Amino acid sequence: MDGGLTLTWLIVLLVIISLHNSRWVSGTFHENQSSRRKLTAKEGFISIDCGIAPGSYYTDSETEIYYTSDAGFTDTGINYNVSEEYVYQNNDQHLKNVRSFPEGDRNCYTLWPGQGKNHKYLIRARFLYGNYDSKNQLPIFKLYLGVDEWTTVNIRNVTSTYRKEIIHIPITDYIDVCLVNIGSGTPFISVLELKRLNDSIYSPAEPGSLILYDRWDFGTQQEEWKLIREKDDVYDRIWKPNTWWSWLSINSSVVSSSFSTSDYKLPGIVMATAAKPANESESWGISLSIDDDPSQKLYMNLTGNNLTGSVPQAVTDKFKDGTLSLGENPNLCPTVSCQGQKKKKKKNKFFVPVLTSILSAIVILVLIAALAIIRKLTKRRETKATTIETVTERPKEGPLKSGNCEFTYSEVVGITNNFNRPIGRGGFGEVYLGTLADDTQVAVKVHSPSSNQGPKAFRAEAKLLTRVHHKNLVRLIGYCDDSTNMVLIYEYMSNGNLQQKLSAREAADVLNWKQRLQIAVDAAHGLEYLHNGCKPPIVHRDMKSSNILLTESLQAKIADFGMSRDLQSLSTDPVGTPGYFDPECQSTGNLNEKSDVYSFGIVLLELITGRRAIIPGGIHIAGWVSPMIERGDIRSIVDPRLQGDFNTNSAWKAVEIALACVASTGMQRPDMSHVVVDLKECLEREVASRRIQRVGGHSIGSGNFLENVPLVLSTEVAPHAR
């Protein structure tokens, strides 16, 4: 191909966004999930025509795709038909009706792909307003995948079809697609589709999701308003025509078979067209505004595009972490300017051998120096505390990461000023306050020979904390492990543990309802990360209020991982604390994530009631709460020290969540991701009621937090159906 000829075949840009740190949103508890019909797609396709009558289905004449009613995927919303005046403009049957969600802040579809979790799926939502509600009010709302924000849907035109696509790898066997009301109109949806993808395409495969920027077909003669959807496309992708008057279209009746045989399975109708500029000096470009958010990454795949020339240094720097693919471009110089390369070729015949000799000598010198340093360090380490990796019972896990410091016992003595400030005691041993050289305060946990947690638990905790990092897990700073002393050094949590805080008797020290809910949300986030964010998942096995520590600002962090295990090495030995231990596990020996969920439910009941897991007299807190619920008086359940200062709807919701967590069987208990969502809704209700109270008292804050929270009416008795 002529090097001066710019030929653009296809550009698809995808922006990958990590969804573990997204903004929170209110949620709807999945207590009806077990009763909702699990609709699956054996061939990897789920195609839902939203708003048609329950039980309806049909096969689209153009795409030959089977569409079904959404009645089995959601249990909320109202069906509407698009206004008659807009129906004639649209030939797609699945865009002639919608499901609208005028009630509730958050309404979800639950999809059960036949292949289950840990596979790639294309999820597509389409929206055609068509004045279905006869109000001519164009809404703005948000889409979420589970608890994570996907995108904003901004309907700007009555007749336009809006399309949102994302490639997602779920960590559960189901996917919740949720429409969230942000106070700017009623959410609605026309079509919801899920397509199974080959796991090898749209790399890299890592936690997060790929959001579609756009997908164009260049050089097509198709009308600009008509989308291209090839029925033979195994992934059912939708392409937008892209033609410019100053560019020339190229059409070919012969398309290389490599396009259809590659994992991307590009349809022939798309690859048979291309475009080139009438003026060969004209270029084509795309401008994207990328935030400096570290949770966002941009990936560019320019493989096999016959690119020539050199890659600008700015582009190389931007994608130096391997997020730029430039393979199969033989005439492209990917690192340095290629200009003048031919002229330098002869000169390089002399330069390269000389450079090779010099580099070889340098490498030999470096190796000699490295061996000397290693030998010296080895001798020095013999006088220090033995490292954890030399005594661990599972060496295959590898050494501790360098981010955690190894201390000698004499250094530990200095940090704690000879252990003169004890601040607590746990199953592992005494805990002391210490101070590092930079004046950072730390908690120093020293193993006691009389402890019921031996060296195995110590090393398990140290190993685990070197590979898990989350804002709601206590951070390990360092350790000491010599022949006689085992010490773990953590960040210092100045407000102690939650059990101590809930025992406060002074009015000024009593946690208010909002603080309790925020602590619950924080702890739920930490536990959800262990279950769903770690590979393999980790079960804490000793979740209780005394293992939730509080910072000065009352941020909650989970601690004490001595009993924690990943699911690959999980034993069935019954461990835990009376009152928090899963009764199902006690009877069956089946310990898994749902055992942690049970324990968390007990902690939540402690937060709600202000009582211990085992109430004086040997009464379990779950048994104590049950008759109170039957009477329907929320004030008899919530901690009396709050003196009724809480939103009753928020309190009832919290009780519901707690009871779901302590259900008798693990199958009935929710996943922690759903618990996080619902606890955030509790918190939102409480904050909303405070805002309403301030407005009623003519004291309006200047912040914009939860600006669009709807009015929530309170009730003193439990609703009949929850």
# chains A, B, ... in the order shown; residues from 1 in each chain; ligands from 1

call {"tool": "select_by_dssp", "arguments": {"residues": "stretch 143-281 of chain A", "states": "strand (DSSP E)", "output": "number ranges by chain"}}
result
A: 143-145, 148-154, 161-168, 175-184, 188-189, 191-196, 209-218, 240-242, 247-251, 273-277

call {"tool": "closest_residue", "arguments": {"among": "A:Gln586, A:Ser503, A:Asn495, A:Asn198", "to": "A:Ser553", "atoms": "only C-alpha atoms"}}
result
A:Asn495

call {"tool": "closest_residue", "arguments": {"among": "A:His470, A:Gly644, A:Asp105, A:Ile182", "to": "A:Arg685", "atoms": "only C-alpha atoms"}}
result
A:Asp105

call {"tool": "select_by_dssp", "arguments": {"residues": "stretch 44-190 of chain A", "states": "alpha helix (DSSP H)", "output": "list in words"}}
result
Glu84, Glu85, Tyr86 and Val87 of chain A

call {"tool": "write_last_selection", "arguments": {"atoms": "C-alpha atoms", "output": "mmCIF file, in the first residue's frame"}}
result
data_model
loop_
_atom_site.group_PDB
_atom_site.id
_atom_site.type_symbol
_atom_site.label_atom_id
_atom_site.label_comp_id
_atom_site.auth_asym_id
_atom_site.auth_seq_id
_atom_site.Cartn_x
_atom_site.Cartn_y
_atom_site.Cartn_z
ATOM 1 C CA GLU A 84 -48.528 6.683 17.699
ATOM 2 C CA GLU A 85 -47.035 9.716 15.951
ATOM 3 C CA TYR A 86 -43.528 8.286 16.404
ATOM 4 C CA VAL A 87 -44.239 4.635 15.630
#

call {"tool": "closest_residue", "arguments": {"among": "A:Lys471, A:Arg215, A:Arg516, A:His540", "to": "A:Val638", "atoms": "only C-alpha atoms"}}
result
A:Arg516

call {"tool": "closest_residue", "arguments": {"among": "A:Gly618, A:Gly526, A:Gly434, A:Pro455", "to": "A:Phe419", "atoms": "only C-alpha atoms"}}
result
A:Gly434

call {"tool": "atom_distance", "arguments": {"atom1": "atom CA of A:Asn107", "atom2": "atom CA of A:His531"}}
result
24.6 Å
